[in-house]
file input10.txt (compact mmCIF, C-alpha atoms)
# COMPACT_ATOMS: atom_id res chain seq x y z
CA MET A 1 30.45 27.63 -44.06
CA ILE A 2 29.40 24.19 -45.35
CA HIS A 3 26.64 24.01 -42.71
CA LEU A 4 25.35 27.45 -43.70
CA ARG A 5 25.32 26.44 -47.37
CA LYS A 6 23.34 23.29 -46.55
CA LEU A 7 20.90 25.35 -44.47
CA ASP A 8 20.56 27.85 -47.34
CA LEU A 9 19.79 25.06 -49.81
CA ALA A 10 17.28 23.45 -47.43
CA ILE A 11 15.48 26.78 -46.87
CA CYS A 12 15.26 27.45 -50.62
CA GLU A 13 13.89 23.96 -51.26
CA GLN A 14 11.31 24.38 -48.49
CA VAL A 15 10.24 27.75 -49.94
CA ARG A 16 9.87 26.09 -53.34
CA ARG A 17 7.76 23.27 -51.90
CA ILE A 18 5.45 25.66 -50.04
CA VAL A 19 4.83 28.15 -52.85
CA SER A 20 4.60 25.67 -55.73
CA VAL A 21 0.84 25.86 -55.96
CA PRO A 22 -1.34 27.05 -58.86
CA LEU A 23 -3.96 29.75 -58.64
CA PRO A 24 -7.19 28.24 -57.26
CA TYR A 25 -9.53 29.74 -59.88
CA ASP A 26 -9.38 31.96 -62.96
CA ASP A 27 -10.72 35.22 -61.50
CA THR A 28 -8.02 36.08 -58.95
CA PRO A 29 -6.47 39.53 -58.47
CA TYR A 30 -3.55 38.21 -60.55
CA HIS A 31 -5.96 37.59 -63.43
CA VAL A 32 -7.52 41.03 -62.98
CA LEU A 33 -4.06 42.63 -63.23
CA ALA A 34 -3.25 40.56 -66.32
CA SER A 35 -6.56 41.55 -67.94
CA TRP A 36 -5.93 45.21 -67.17
CA ILE A 37 -2.44 45.03 -68.70
CA GLN A 38 -3.87 43.42 -71.80
CA ALA A 39 -6.72 45.93 -72.14
CA ILE A 40 -5.04 49.30 -71.60
CA ALA A 41 -3.98 51.36 -74.58
CA ARG A 42 -0.35 52.37 -74.14
CA GLU A 43 2.73 53.32 -76.09
CA LYS A 44 5.26 51.68 -73.77
CA PRO A 45 5.31 48.23 -72.22
CA VAL A 46 4.24 47.63 -68.65
CA GLU A 47 7.07 46.69 -66.32
CA ILE A 48 6.16 44.57 -63.32
CA PHE A 49 8.61 44.27 -60.45
CA THR A 50 7.86 41.65 -57.83
CA THR A 51 9.65 40.20 -54.83
CA ASN A 52 7.47 37.07 -54.93
CA TYR A 53 9.17 33.72 -55.61
CA ASP A 54 5.98 31.97 -56.73
CA LEU A 55 4.74 31.53 -60.31
CA LEU A 56 1.23 32.90 -59.78
CA LEU A 57 1.70 36.06 -61.82
CA GLU A 58 3.21 34.07 -64.67
CA GLN A 59 0.24 31.70 -64.55
CA ALA A 60 -2.27 34.57 -64.72
CA LEU A 61 -0.43 36.35 -67.54
CA GLU A 62 -0.32 33.14 -69.55
CA GLU A 63 -3.96 32.27 -68.87
CA GLN A 64 -4.98 35.77 -70.00
CA ARG A 65 -2.66 35.37 -73.02
CA VAL A 66 -0.55 38.42 -72.16
CA PRO A 67 2.90 38.11 -73.75
CA TYR A 68 5.71 39.04 -71.41
CA PHE A 69 9.47 38.81 -71.12
CA ASP A 70 11.16 37.76 -67.89
CA GLY A 71 14.84 37.98 -68.77
CA PHE A 72 15.07 34.42 -70.16
CA VAL A 73 15.00 32.91 -73.63
CA GLY A 74 14.51 29.33 -74.70
CA SER A 75 11.88 26.80 -73.69
CA ASP A 76 13.26 23.47 -72.47
CA SER A 77 15.80 24.93 -70.06
CA ALA A 78 15.55 28.67 -70.65
CA PHE A 79 18.63 30.74 -69.94
CA SER A 80 19.00 34.27 -68.64
CA ILE A 81 20.10 37.04 -70.97
CA LEU A 82 19.63 39.78 -68.38
CA SER A 83 23.38 40.41 -68.15
CA ARG A 84 23.37 41.30 -71.87
CA TRP A 85 20.57 43.84 -71.59
CA PRO A 86 21.33 47.55 -71.56
CA LYS A 87 20.28 48.86 -68.17
CA THR A 88 18.40 51.87 -69.48
CA THR A 89 16.34 50.50 -72.36
CA CYS A 90 13.15 48.51 -72.50
CA ARG A 91 11.91 46.07 -75.13
CA ALA A 92 8.54 46.41 -76.84
CA VAL A 93 6.92 43.65 -74.79
CA ASP A 94 5.67 43.71 -71.21
CA THR A 95 8.33 42.67 -68.74
CA LEU A 96 8.25 40.77 -65.46
CA TRP A 97 11.20 41.38 -63.15
CA LYS A 98 11.45 38.96 -60.23
CA ILE A 99 13.80 40.84 -57.93
CA HIS A 100 14.19 38.04 -55.39
CA GLY A 101 14.46 35.27 -57.95
CA SER A 102 11.98 32.48 -58.45
CA ILE A 103 11.18 28.90 -57.57
CA ASN A 104 11.97 27.95 -61.15
CA TRP A 105 15.37 29.65 -61.42
CA TRP A 106 18.43 27.47 -60.99
CA MET A 107 22.07 28.49 -60.52
CA THR A 108 24.26 25.97 -62.32
CA GLY A 109 27.71 24.82 -61.25
CA LYS A 110 29.07 27.19 -63.92
CA ALA A 111 27.31 30.18 -62.31
CA LYS A 112 24.68 30.43 -65.07
CA ILE A 113 21.03 31.08 -64.24
CA ARG A 114 18.57 28.74 -65.96
CA ARG A 115 14.77 28.72 -65.80
CA SER A 116 13.05 25.36 -65.58
CA ARG A 117 10.31 23.76 -63.49
CA ASP A 118 12.74 20.91 -62.82
CA LYS A 119 16.31 21.01 -61.58
CA VAL A 120 18.52 21.66 -64.62
CA GLU A 121 21.57 19.66 -63.52
CA ALA A 122 22.78 17.66 -60.54
CA ASN A 123 24.85 20.41 -58.89
CA SER A 124 22.44 23.30 -59.53
CA PHE A 125 20.55 25.04 -56.73
CA LEU A 126 17.55 27.34 -56.52
CA SER A 127 18.29 30.96 -57.26
CA ILE A 128 16.24 32.76 -54.64
CA HIS A 129 17.67 36.14 -53.64
CA PRO A 130 19.06 37.38 -51.44
CA ILE A 131 18.97 34.04 -49.56
CA SER A 132 21.12 32.16 -52.06
CA SER A 133 23.26 35.21 -52.84
CA THR A 134 26.29 34.14 -50.87
CA THR A 135 28.65 34.34 -53.87
CA LYS A 136 29.28 37.15 -56.31
CA ALA A 137 27.86 35.02 -59.13
CA GLY A 138 24.72 34.38 -57.05
CA ARG A 139 24.15 38.11 -56.46
CA TRP A 140 24.30 39.40 -60.03
CA PRO A 141 20.67 38.70 -60.96
CA TYR A 142 19.47 40.42 -57.77
CA PHE A 143 21.47 43.58 -58.43
CA ALA A 144 20.67 43.51 -62.16
CA MET A 145 16.96 43.52 -61.26
CA LEU A 146 17.49 46.41 -58.84
CA ASP A 147 19.35 48.32 -61.57
CA ARG A 148 16.37 47.73 -63.89
CA LEU A 149 14.04 49.07 -61.16
CA GLY A 150 16.24 52.15 -60.82
CA ALA A 151 16.21 52.74 -64.58
CA PHE A 152 12.42 52.36 -64.62
CA LEU A 153 12.01 54.89 -61.81
CA ARG A 154 14.17 57.40 -63.69
CA SER A 155 12.11 57.02 -66.88
CA GLU A 156 9.79 59.70 -68.15
CA GLN A 157 6.20 59.46 -66.91
CA CYS A 158 7.00 56.74 -64.38
CA VAL A 159 4.10 55.43 -62.31
CA LEU A 160 4.91 52.99 -59.51
CA LEU A 161 1.98 51.09 -58.04
CA THR A 162 2.67 48.90 -55.03
CA CYS A 163 0.47 46.12 -53.75
CA GLY A 164 1.40 44.01 -50.76
CA TYR A 165 4.95 45.36 -50.55
CA SER A 166 5.77 46.05 -46.89
CA PHE A 167 8.75 48.33 -47.61
CA GLY A 168 10.82 46.06 -45.36
CA ASP A 169 13.69 45.52 -47.83
CA GLU A 170 16.14 48.38 -47.38
CA HIS A 171 17.98 47.66 -50.66
CA ILE A 172 14.77 47.97 -52.67
CA ASN A 173 13.63 50.98 -50.63
CA ALA A 174 16.90 52.76 -51.42
CA TYR A 175 16.35 52.26 -55.16
CA ILE A 176 12.73 53.41 -54.89
CA GLY A 177 13.66 56.48 -52.84
CA GLN A 178 16.50 57.50 -55.16
CA GLY A 179 14.40 56.92 -58.27
CA LEU A 180 11.36 58.84 -57.08
CA SER A 181 13.29 61.73 -55.57
CA GLY A 182 15.36 62.16 -58.72
CA ASN A 183 12.43 62.12 -61.13
CA PRO A 184 10.01 65.07 -61.03
CA ASN A 185 7.58 63.19 -63.34
CA ALA A 186 7.38 60.04 -61.19
CA SER A 187 4.54 59.16 -58.86
CA CYS A 188 3.94 56.34 -56.41
CA SER A 189 0.72 54.87 -55.07
CA ARG A 190 0.44 52.30 -52.34

call {"tool": "encode", "arguments": {"input": "input10.txt", "output": "structure tokens"}}
result
Amino acid sequence: MIHLRKLDLAICEQVRRIVSVPLPYDDTPYHVLASWIQAIAREKPVEIFTTNYDLLLEQALEEQRVPYFDGFVGSDSAFSILSRWPKTTCRAVDTLWKIHGSINWWMTGKAKIRRSRDKVEANSFLSIHPISSTTKAGRWPYFAMLDRLGAFLRSEQCVLLTCGYSFGDEHINAYIGQGLSGNPNASCSR
């Protein structure tokens, strides 16, 4: 088990190293999406669900000055409040749900998820799901995000747009299938 844990940590660190790059210019598809979100007239916030670990969408949203909430509060070493959120409500700001975690999420020794570009404490490890989800504490953000996706798909006038998603993750597919089949007002475009 110790060898598997070390392998898990090494894989997560390698993923972080590889995908820790900024967007190359300011007119990428990420920027186009951010501009569209900012420009559309709407009554409810946009909810973005992504399986990407990188920070490219966050970069584009910030460069386009689109306010968003990602389940964390604070600035120096932001902490997750996702476990306190009701599963069926949505706040009045656009939300970004990173289902598989992120290269700036850290699981502390006390099983708390913190967001920071740098490691938050000596015994913390990257919270990339489901790779690092070997403990119950490590799985809760992953399943909380899936629950949020399910609630979104059950909402009135749900529109799910997918881009680049291969439908290779059976857990996510199950939530999408259940949500769309149980909601006569939902639609999906790929």

call {"tool": "atom_distance", "arguments": {"input": "input10.txt", "atom1": "CA of Ile18 (chain A)", "atom2": "CA of Asn104 (chain A)"}}
result
13.1 Å

call {"tool": "residues_around", "arguments": {"input": "input10.txt", "residues": "Pro67 (chain A)", "least_positions_apart": "6", "cutoff": "12 Å", "atoms": "only C-alpha atoms", "output": "ChimeraX atom specification"}}
result
/A:34-35,37-38,45-46,58-61,92-96

call {"tool": "closest_residue", "arguments": {"input": "input10.txt", "among": "A:Leu153, A:Val159, A:Val21, A:Leu57", "to": "Gly177 (chain A)", "atoms": "all atoms listed in the file"}}
result
A:Leu153

call {"tool": "atom_distance", "arguments": {"input": "input10.txt", "atom1": "CA of Ala111 (chain A)", "atom2": "CA of Leu149 (chain A)"}}
result
23.1 Å

call {"tool": "closest_residue", "arguments": {"input": "input10.txt", "among": "A:Phe167, A:Phe125, A:Phe152, A:Tyr30", "to": "Trp97 (chain A)", "atoms": "all atoms listed in the file"}}
result
A:Phe152

call {"tool": "closest_residue", "arguments": {"input": "input10.txt", "among": "A:Ile103, A:Ala39, A:Tyr68, A:Ser181", "to": "Arg17 (chain A)", "atoms": "all atoms listed in the file"}}
result
A:Ile103

call {"tool": "closest_residue", "arguments": {"input": "input10.txt", "among": "A:Phe79, A:Tyr142, A:His171, A:Ala41", "to": "Ile113 (chain A)", "atoms": "all atoms listed in the file"}}
result
A:Phe79

call {"tool": "atom_distance", "arguments": {"input": "input10.txt", "atom1": "CA of Leu4 (chain A)", "atom2": "CA of Val19 (chain A)"}}
result
22.5 Å

call {"tool": "axis_aligned_box", "arguments": {"input": "input10.txt", "around": "region 143-149 of chain A", "padding_each_side": "8 Å", "output": "AutoDock Vina command-line options"}}
result
--center_x 17.8 --center_y 46.3 --center_z -61.2 --size_x 23.4 --size_y 21.6 --size_z 21.5

call {"tool": "residues_around", "arguments": {"input": "input10.txt", "residues": "Ser102 (chain A)", "least_positions_apart": "4", "cutoff": "9 Å", "atoms": "all atoms listed in the file", "output": "JSON, numbers by chain"}}
result
{"A": [16, 51, 52, 53, 54, 55, 98, 106, 115, 126, 127, 128, 129]}

call {"tool": "closest_residue", "arguments": {"input": "input10.txt", "among": "A:Gly179, A:Pro22, A:Ser116, A:Val15", "to": "Val73 (chain A)", "atoms": "all atoms listed in the file"}}
result
A:Ser116

call {"tool": "closest_residue", "arguments": {"input": "input10.txt", "among": "A:Cys188, A:Leu33, A:Ala122, A:Ile99", "to": "Asp169 (chain A)", "atoms": "only C-alpha atoms"}}
result
A:Ile99
